[in-house]
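Shown below: query35.cif, with mmCIF, C-alpha atoms and all ligand atoms.
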data_protein
loop_
_atom_site.label_atom_id
_atom_site.label_comp_id
_atom_site.auth_asym_id
_atom_site.auth_seq_id
_atom_site.Cartn_x
_atom_site.Cartn_y
_atom_site.Cartn_z
CA MET A 1 -0.12 15.72 14.51
CA SER A 2 -2.22 12.70 15.38
CA ALA A 3 -1.45 9.15 14.27
CA ILE A 4 -3.74 7.81 11.55
CA LEU A 5 -2.29 4.34 12.09
CA LYS A 6 -1.04 3.05 15.38
CA VAL A 7 0.25 -0.48 15.88
CA GLU A 8 1.06 -1.79 19.33
CA GLY A 9 3.11 -4.89 20.10
CA MET A 10 2.16 -6.72 16.91
CA THR A 11 3.63 -10.19 16.53
CA HIS A 12 2.80 -12.81 13.92
CA ARG A 13 3.91 -16.40 13.76
CA PHE A 14 3.69 -18.78 10.82
CA GLY A 15 4.11 -22.09 12.65
CA GLY A 16 7.45 -21.74 14.39
CA LEU A 17 8.56 -18.68 12.40
CA ARG A 18 8.12 -15.24 13.97
CA ALA A 19 7.64 -13.29 10.75
CA VAL A 20 6.82 -10.07 12.64
CA SER A 21 7.99 -9.45 16.17
CA ASP A 22 6.74 -6.81 18.61
CA PHE A 23 6.06 -4.28 15.85
CA ASN A 24 5.16 -0.79 17.04
CA ILE A 25 4.49 2.25 14.90
CA GLU A 26 2.66 5.56 14.87
CA VAL A 27 2.17 6.87 11.35
CA PRO A 28 1.32 10.60 11.54
CA GLU A 29 -1.57 11.84 9.43
CA GLY A 30 -0.30 13.27 6.12
CA ALA A 31 3.11 11.58 6.28
CA ILE A 32 4.96 9.52 3.71
CA TYR A 33 6.36 6.80 5.92
CA GLY A 34 8.70 4.08 4.68
CA LEU A 35 9.07 0.48 5.79
CA ILE A 36 12.29 -1.11 4.60
CA GLY A 37 14.29 -4.24 5.25
CA PRO A 38 16.05 -7.09 3.43
CA ASN A 39 14.19 -9.88 1.61
CA GLY A 40 12.01 -11.94 3.89
CA SER A 41 12.27 -9.50 6.79
CA GLY A 42 8.50 -9.33 7.31
CA LYS A 43 7.49 -6.18 5.40
CA THR A 44 4.66 -7.67 3.35
CA THR A 45 3.45 -9.67 6.35
CA THR A 46 3.21 -6.38 8.28
CA PHE A 47 0.99 -4.96 5.52
CA ASN A 48 -1.03 -8.18 5.40
CA LEU A 49 -1.70 -7.81 9.12
CA VAL A 50 -2.62 -4.13 8.92
CA THR A 51 -4.99 -4.76 5.97
CA GLY A 52 -6.72 -7.77 7.51
CA ILE A 53 -5.32 -10.57 5.36
CA TYR A 54 -4.06 -12.21 8.54
CA ALA A 55 -5.05 -11.54 12.14
CA PRO A 56 -1.96 -10.97 14.27
CA THR A 57 -0.97 -13.57 16.84
CA GLU A 58 -0.52 -10.73 19.34
CA GLY A 59 -0.97 -6.98 19.46
CA ARG A 60 -3.37 -4.25 18.42
CA ILE A 61 -3.93 -2.22 15.25
CA LEU A 62 -5.71 1.13 15.50
CA PHE A 63 -6.86 3.06 12.44
CA GLU A 64 -7.99 6.61 13.23
CA GLY A 65 -8.27 5.50 16.82
CA ARG A 66 -10.55 2.54 16.02
CA ASP A 67 -9.42 -0.98 16.81
CA ILE A 68 -9.32 -2.88 13.49
CA THR A 69 -7.33 -5.88 14.75
CA GLY A 70 -8.57 -9.00 12.97
CA ALA A 71 -11.15 -7.11 10.85
CA LYS A 72 -11.81 -8.51 7.36
CA PRO A 73 -9.97 -6.88 4.42
CA PHE A 74 -13.11 -5.35 2.81
CA ARG A 75 -14.09 -3.78 6.14
CA ILE A 76 -10.67 -2.18 6.37
CA VAL A 77 -11.00 -0.81 2.82
CA GLN A 78 -14.42 0.57 3.74
CA ALA A 79 -12.95 2.09 6.90
CA GLY A 80 -10.52 4.04 4.67
CA ALA A 81 -7.27 2.10 4.26
CA ALA A 82 -6.40 0.77 0.79
CA ARG A 83 -3.32 -0.99 -0.52
CA THR A 84 -1.44 -2.26 -3.53
CA PHE A 85 0.19 -5.67 -3.77
CA GLN A 86 3.80 -6.63 -4.40
CA ASN A 87 2.51 -9.29 -6.81
CA LEU A 88 0.04 -7.22 -8.76
CA ARG A 89 -3.63 -8.08 -8.46
CA ILE A 90 -5.08 -6.55 -11.56
CA PHE A 91 -8.05 -8.06 -13.45
CA GLY A 92 -6.13 -8.78 -16.66
CA SER A 93 -9.07 -9.41 -18.99
CA MET A 94 -10.95 -6.28 -17.89
CA SER A 95 -10.27 -2.89 -19.39
CA VAL A 96 -8.04 -0.47 -17.53
CA LEU A 97 -11.03 1.79 -16.85
CA ASP A 98 -13.16 -1.10 -15.56
CA ASN A 99 -10.43 -2.08 -13.11
CA ILE A 100 -10.88 1.34 -11.54
CA ARG A 101 -14.68 1.37 -11.76
CA VAL A 102 -14.97 -1.95 -9.96
CA ALA A 103 -12.89 -0.61 -7.08
CA ARG A 104 -14.82 2.66 -7.05
CA HIS A 105 -18.09 0.77 -6.54
CA TYR A 106 -16.82 -0.34 -3.16
CA THR A 107 -17.70 3.07 -1.87
CA THR A 108 -20.81 3.98 -3.88
CA ARG A 109 -24.28 3.53 -2.48
CA SER A 110 -25.96 1.68 -5.34
CA GLY A 111 -27.90 -1.26 -4.07
CA PHE A 112 -28.94 -4.23 -6.19
CA PHE A 113 -32.46 -2.94 -6.95
CA ARG A 114 -31.33 0.54 -7.88
CA SER A 115 -28.84 -0.92 -10.33
CA VAL A 116 -31.34 -3.36 -11.89
CA LEU A 117 -34.02 -0.68 -12.19
CA ARG A 118 -31.44 1.81 -13.43
CA THR A 119 -33.00 4.61 -11.45
CA PRO A 120 -31.98 8.20 -12.27
CA SER A 121 -29.87 8.35 -9.14
CA PHE A 122 -28.09 5.16 -10.22
CA LYS A 123 -27.37 6.63 -13.64
CA ARG A 124 -26.07 9.83 -12.09
CA GLU A 125 -23.82 7.78 -9.87
CA GLU A 126 -22.56 5.78 -12.87
CA ALA A 127 -21.64 8.95 -14.71
CA ALA A 128 -19.84 10.31 -11.66
CA VAL A 129 -17.93 7.05 -11.21
CA ARG A 130 -16.83 7.14 -14.82
CA GLU A 131 -15.67 10.72 -14.55
CA GLU A 132 -13.78 10.16 -11.33
CA SER A 133 -12.19 6.99 -12.69
CA MET A 134 -10.98 8.85 -15.78
CA ALA A 135 -9.53 11.59 -13.55
CA LEU A 136 -7.57 8.96 -11.64
CA LEU A 137 -6.27 7.48 -14.89
CA GLU A 138 -5.17 10.94 -16.00
CA LEU A 139 -3.36 11.51 -12.74
CA MET A 140 -1.50 8.23 -13.25
CA ARG A 141 -0.88 9.09 -16.92
CA LEU A 142 -2.93 6.13 -18.10
CA GLU A 143 -5.81 7.98 -19.78
CA GLY A 144 -4.69 6.78 -23.22
CA ARG A 145 -5.00 3.18 -22.01
CA ALA A 146 -8.56 3.37 -20.64
CA THR A 147 -10.15 0.91 -23.06
CA GLU A 148 -7.24 -1.51 -23.33
CA GLU A 149 -7.26 -4.87 -21.63
CA ALA A 150 -5.19 -4.46 -18.49
CA LYS A 151 -3.05 -7.50 -19.27
CA ASN A 152 -1.54 -5.70 -22.27
CA LEU A 153 0.03 -2.96 -20.13
CA PRO A 154 3.76 -2.95 -19.44
CA TYR A 155 4.83 -3.55 -15.85
CA GLY A 156 5.43 0.06 -14.83
CA GLU A 157 1.96 1.05 -16.02
CA LEU A 158 0.35 -1.86 -14.19
CA ARG A 159 1.95 -0.63 -10.97
CA ARG A 160 0.47 2.81 -11.55
CA LEU A 161 -2.91 1.22 -12.35
CA GLU A 162 -2.82 -0.54 -8.97
CA ILE A 163 -2.24 2.79 -7.25
CA ALA A 164 -5.12 4.35 -9.18
CA ARG A 165 -7.33 1.44 -8.22
CA ALA A 166 -6.47 1.77 -4.54
CA LEU A 167 -7.21 5.51 -4.72
CA ALA A 168 -10.61 4.76 -6.28
CA THR A 169 -11.81 3.48 -2.91
CA LYS A 170 -11.17 6.98 -1.48
CA PRO A 171 -8.74 5.95 1.22
CA ARG A 172 -7.25 8.18 3.88
CA LEU A 173 -4.38 5.74 4.30
CA LEU A 174 -2.65 4.27 1.26
CA LEU A 175 -0.31 1.32 1.71
CA LEU A 176 2.05 0.64 -1.21
CA ASP A 177 4.01 -2.62 -1.32
CA GLU A 178 7.13 -1.97 -3.42
CA PRO A 179 5.50 0.42 -5.88
CA ALA A 180 8.76 0.89 -7.82
CA ALA A 181 9.58 -2.80 -8.25
CA GLY A 182 10.35 -3.71 -11.85
CA MET A 183 10.44 -0.06 -13.00
CA ASN A 184 13.30 1.54 -14.92
CA PRO A 185 15.10 4.56 -13.37
CA LYS A 186 13.04 7.07 -15.35
CA GLU A 187 9.79 5.45 -14.23
CA VAL A 188 11.04 5.35 -10.63
CA ALA A 189 11.78 9.09 -10.69
CA GLU A 190 8.34 9.78 -12.16
CA LEU A 191 6.67 7.58 -9.58
CA MET A 192 8.30 9.47 -6.72
CA GLY A 193 6.78 12.69 -8.01
CA LEU A 194 3.40 10.99 -8.41
CA ILE A 195 3.35 9.62 -4.87
CA ALA A 196 4.12 13.05 -3.45
CA ARG A 197 1.34 14.55 -5.61
CA VAL A 198 -1.13 11.90 -4.53
CA ARG A 199 -0.41 12.66 -0.89
CA ASP A 200 -0.96 16.38 -1.42
CA GLU A 201 -3.95 16.25 -3.77
CA PHE A 202 -5.85 13.41 -2.13
CA LYS A 203 -4.85 14.29 1.43
CA VAL A 204 -3.84 10.69 2.04
CA THR A 205 -1.20 9.35 4.35
CA VAL A 206 1.21 7.02 2.55
CA PHE A 207 2.83 4.01 4.19
CA LEU A 208 5.18 2.37 1.72
CA ILE A 209 7.44 -0.63 1.51
CA GLU A 210 10.49 -0.03 -0.61
CA HIS A 211 13.66 -1.70 -1.62
CA HIS A 212 15.21 1.22 -3.48
CA MET A 213 17.02 3.41 -0.93
CA LYS A 214 16.80 6.23 -3.44
CA VAL A 215 13.01 6.24 -3.28
CA VAL A 216 13.05 6.12 0.49
CA LYS A 217 15.52 8.99 0.75
CA GLY A 218 13.71 10.93 -1.94
CA ILE A 219 10.19 10.96 -0.53
CA CYS A 220 9.88 9.46 2.94
CA GLU A 221 9.89 11.72 5.96
CA ARG A 222 10.38 8.83 8.31
CA VAL A 223 11.51 5.25 7.93
CA LYS A 224 11.35 2.08 9.93
CA VAL A 225 13.78 -0.74 9.23
CA ILE A 226 13.03 -4.35 10.07
CA ASP A 227 15.21 -7.44 9.84
CA PHE A 228 14.04 -10.95 10.67
CA GLY A 229 10.75 -9.40 11.77
CA GLU A 230 12.43 -7.17 14.38
CA THR A 231 12.73 -3.38 14.29
CA ILE A 232 16.41 -2.47 14.01
CA ALA A 233 16.21 1.27 13.31
CA GLU A 234 13.74 4.10 12.97
CA GLY A 235 14.04 7.78 12.15
CA GLU A 236 14.77 10.17 9.30
CA PRO A 237 15.97 8.41 6.12
CA ASP A 238 19.48 9.92 6.04
CA GLU A 239 20.14 9.04 9.62
CA VAL A 240 18.71 5.52 9.26
CA CYS A 241 20.73 4.76 6.11
CA ARG A 242 23.95 5.49 7.99
CA ASP A 243 23.03 3.28 10.94
CA PRO A 244 25.58 0.44 11.23
CA LYS A 245 22.85 -2.11 12.01
CA VAL A 246 21.03 -1.15 8.82
CA LEU A 247 24.19 -1.29 6.72
CA GLU A 248 24.99 -4.69 8.11
CA ALA A 249 21.52 -6.04 7.40
CA TYR A 250 21.57 -4.68 3.84
CA LEU A 251 25.12 -5.56 2.94
CA GLY A 252 24.72 -9.02 4.41
CA LYS A 253 27.84 -8.85 6.54
CA ARG A 254 26.16 -10.97 9.15
CA GLY A 255 28.46 -13.76 10.31
CA ALA A 256 31.29 -12.57 8.03
N1 LIG A 301 1.74 -17.35 4.34
C1 LIG A 301 2.95 -17.64 4.84
N2 LIG A 301 3.19 -18.86 5.42
C2 LIG A 301 4.40 -19.15 5.94
N3 LIG A 301 5.46 -18.31 5.93
C3 LIG A 301 5.29 -17.10 5.37
C4 LIG A 301 4.02 -16.71 4.79
N4 LIG A 301 4.16 -15.45 4.31
C5 LIG A 301 5.42 -15.08 4.57
N5 LIG A 301 6.09 -16.05 5.20
C6 LIG A 301 7.48 -15.98 5.67
O1 LIG A 301 7.58 -14.87 6.55
C7 LIG A 301 8.81 -14.19 6.37
C8 LIG A 301 8.54 -12.75 6.00
O2 LIG A 301 7.99 -12.71 4.69
P1 LIG A 301 7.51 -11.38 4.00
O3 LIG A 301 6.88 -11.75 2.70
O4 LIG A 301 6.70 -10.60 4.95
O5 LIG A 301 8.90 -10.63 3.75
P2 LIG A 301 9.24 -9.30 2.94
O6 LIG A 301 10.03 -8.45 3.86
O7 LIG A 301 8.02 -8.73 2.35
O8 LIG A 301 10.20 -9.86 1.80
P3 LIG A 301 10.43 -9.38 0.28
O9 LIG A 301 11.39 -8.23 0.34
O10 LIG A 301 11.05 -10.55 -0.38
O11 LIG A 301 9.12 -9.01 -0.31
C9 LIG A 301 9.58 -14.97 5.31
O12 LIG A 301 10.45 -15.87 5.97
C10 LIG A 301 8.49 -15.71 4.57
O13 LIG A 301 8.98 -16.91 4.01
MG MG A 302 7.39 -8.34 0.44
#
Rewritten as structure tokens:
Amino acid sequence: MSAILKVEGMTHRFGGLRAVSDFNIEVPEGAIYGLIGPNGSGKTTTFNLVTGIYAPTEGRILFEGRDITGAKPFRIVQAGAARTFQNLRIFGSMSVLDNIRVARHYTTRSGFFRSVLRTPSFKREEAAVREESMALLELMRLEGRATEEAKNLPYGELRRLEIARALATKPRLLLLDEPAAGMNPKEVAELMGLIARVRDEFKVTVFLIEHHMKVVKGICERVKVIDFGETIAEGEPDEVCRDPKVLEAYLGKRGA
């Protein structure tokens, strides 16, 4: 299987801090790949680098074989990689459905004139966008919330709305930053099923940051563990969770 995402020797410094150090990964197409590590270990920074929020100090990022190092975030979305954020970025005063439609328009062809003139092809496109957006809401079990202002949704539903919104851009790679954060155990179990379904139905590769070991063990085929920006383990979840270096990093035995 070929790698949809390949990162070579990626390092990022914030002033004197090496937040990510010599990061290397090959995420196989179709995989659910986990990135784990204690607080502040550099997980979100890794995603920020891959999705163009920062340009790495060193290294190369290849998406489907194309060098995207330093490309702007919207270019990376258009290239086919979409993400969710640890601190949700939902438009609170827009309806749930409009949050999806806005994202969907990233990939539609409507130019300014076609939308002002409301040409037949524009109207057809609008109808298709609406239908596809509703299908995404159904998949995420949010169809009953379509017309509600997004800010009224409970936390677990907002996380699912973010996933739906990322999917609306028709990505081939979906990056999820702690999708289960703030969810109760029932919601976490449901989410695991949903992520697996999304991978199968949308044929996307999933690269996810997670704190819950249960989620990682439940759905990831492969996991990478980082600590202080450095890779400390990589492999199948069961094997990685037993690794003494990983246990030490998680249980905070360092220096004890
Ligand atoms: N914009 C920034 N400027 C300076 N330092 C930063 C910036 N973003 C992150 N850092 C630092 O880089 C390190 C890695 O942070 P990062 O957010 O990537 O960790 P994380 O693994 O996602 O942590 P968490 O589990 O808490 O989400 C931390 O020490 C953090 O304080
Ligand atoms: Mg983070």
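Take the candidates A:Val7, A:Phe14, A:Gly34, A:Thr57 and check each one against Ala233 in chain A using all atoms listed in the file; the shortest distance goes to A:Gly34.
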Closest atom pairs, residues of chain A within 12 Å of ligand LIG 301 (chain A), all atoms listed in the file, as a tab-separated table:
residue	atom	partner	partner_atom	distance
A:Thr11	CA	A:LIG301	O1	11.7
A:His12	CA	A:LIG301	O1	9.0
A:Arg13	CA	A:LIG301	N3	8.2
A:Phe14	CA	A:LIG301	C2	4.9
A:Gly15	CA	A:LIG301	C2	7.3
A:Gly16	CA	A:LIG301	N3	9.3
A:Leu17	CA	A:LIG301	O1	7.0
A:Arg18	CA	A:LIG301	O1	7.4
A:Ala19	CA	A:LIG301	O1	4.5
A:Val20	CA	A:LIG301	C8	7.4
A:Ser21	CA	A:LIG301	C8	10.7
A:Leu35	CA	A:LIG301	O6	9.2
A:Ile36	CA	A:LIG301	O6	7.7
A:Gly37	CA	A:LIG301	O6	6.1
A:Pro38	CA	A:LIG301	O9	5.7
A:Asn39	CA	A:LIG301	O9	3.5
A:Gly40	CA	A:LIG301	O5	3.4
A:Ser41	CA	A:LIG301	O6	3.8
A:Gly42	CA	A:LIG301	O4	3.2
A:Lys43	CA	A:LIG301	O6	3.7
A:Thr44	CA	A:LIG301	O7	3.7
A:Thr45	CA	A:LIG301	O4	3.7
A:Thr46	CA	A:LIG301	O4	6.4
A:Phe47	CA	A:LIG301	O4	8.0
A:Asn48	CA	A:LIG301	O4	8.1
A:Leu49	CA	A:LIG301	O4	9.8
A:Ile53	CA	A:LIG301	N1	9.8
A:Tyr54	CA	A:LIG301	N1	8.8
A:Ala55	CA	A:LIG301	N1	11.9
A:Phe85	CA	A:LIG301	O11	10.1
A:Gln86	CA	A:LIG301	O11	7.1
A:Asn87	CA	A:LIG301	O11	9.3
A:Leu176	CA	A:LIG301	O7	11.7
A:Asp177	CA	A:LIG301	O7	8.2
A:Glu178	CA	A:LIG301	O11	7.9
A:Pro179	CA	A:LIG301	O11	11.5
A:Ala181	CA	A:LIG301	O11	10.1
A:Leu208	CA	A:LIG301	O7	11.5
A:Ile209	CA	A:LIG301	O7	8.2
A:Glu210	CA	A:LIG301	O9	8.3
A:His211	CA	A:LIG301	O9	7.2
A:His212	CA	A:LIG301	O9	10.9
A:Val225	CA	A:LIG301	O6	10.1
A:Ile226	CA	A:LIG301	O6	8.0
A:Asp227	CA	A:LIG301	O6	8.0
A:Phe228	CA	A:LIG301	C8	7.4
A:Gly229	CA	A:LIG301	C8	7.0
A:Glu230	CA	A:LIG301	C8	10.8
A:Thr231	CA	A:LIG301	O6	11.9
A:Tyr250	CA	A:LIG301	O9	11.3
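With distances restricted to only C-alpha atoms, A:Glu157 is the closest residue to Gly144 in chain A from A:Thr84, A:Glu157, A:Asn99, A:Val77.
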* Kindly indicate which residue among A:Arg222, A:Lys203, A:Lys151, A:Arg130 lies nearest to Cys241 in chain A, using all atoms listed in the file for the distances. => A:Arg222
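Closest approach to Leu62 in chain A among A:Ile4, A:Ile32, A:Leu97, A:Ala128: A:Ile4, based on only C-alpha atoms.
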Emit as AutoDock Vina command-line options the padded axis-aligned box for all listed atoms of range 32-42 of chain A, 5 Å per side, with centre and edge lengths in Å to one decimal.
--center_x 10.5 --center_y -1.2 --center_z 4.5 --size_x 21.1 --size_y 31.5 --size_z 15.7
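You will find CA of Leu137 in chain A at 27.1 Å from CA of Thr119 in chain A.
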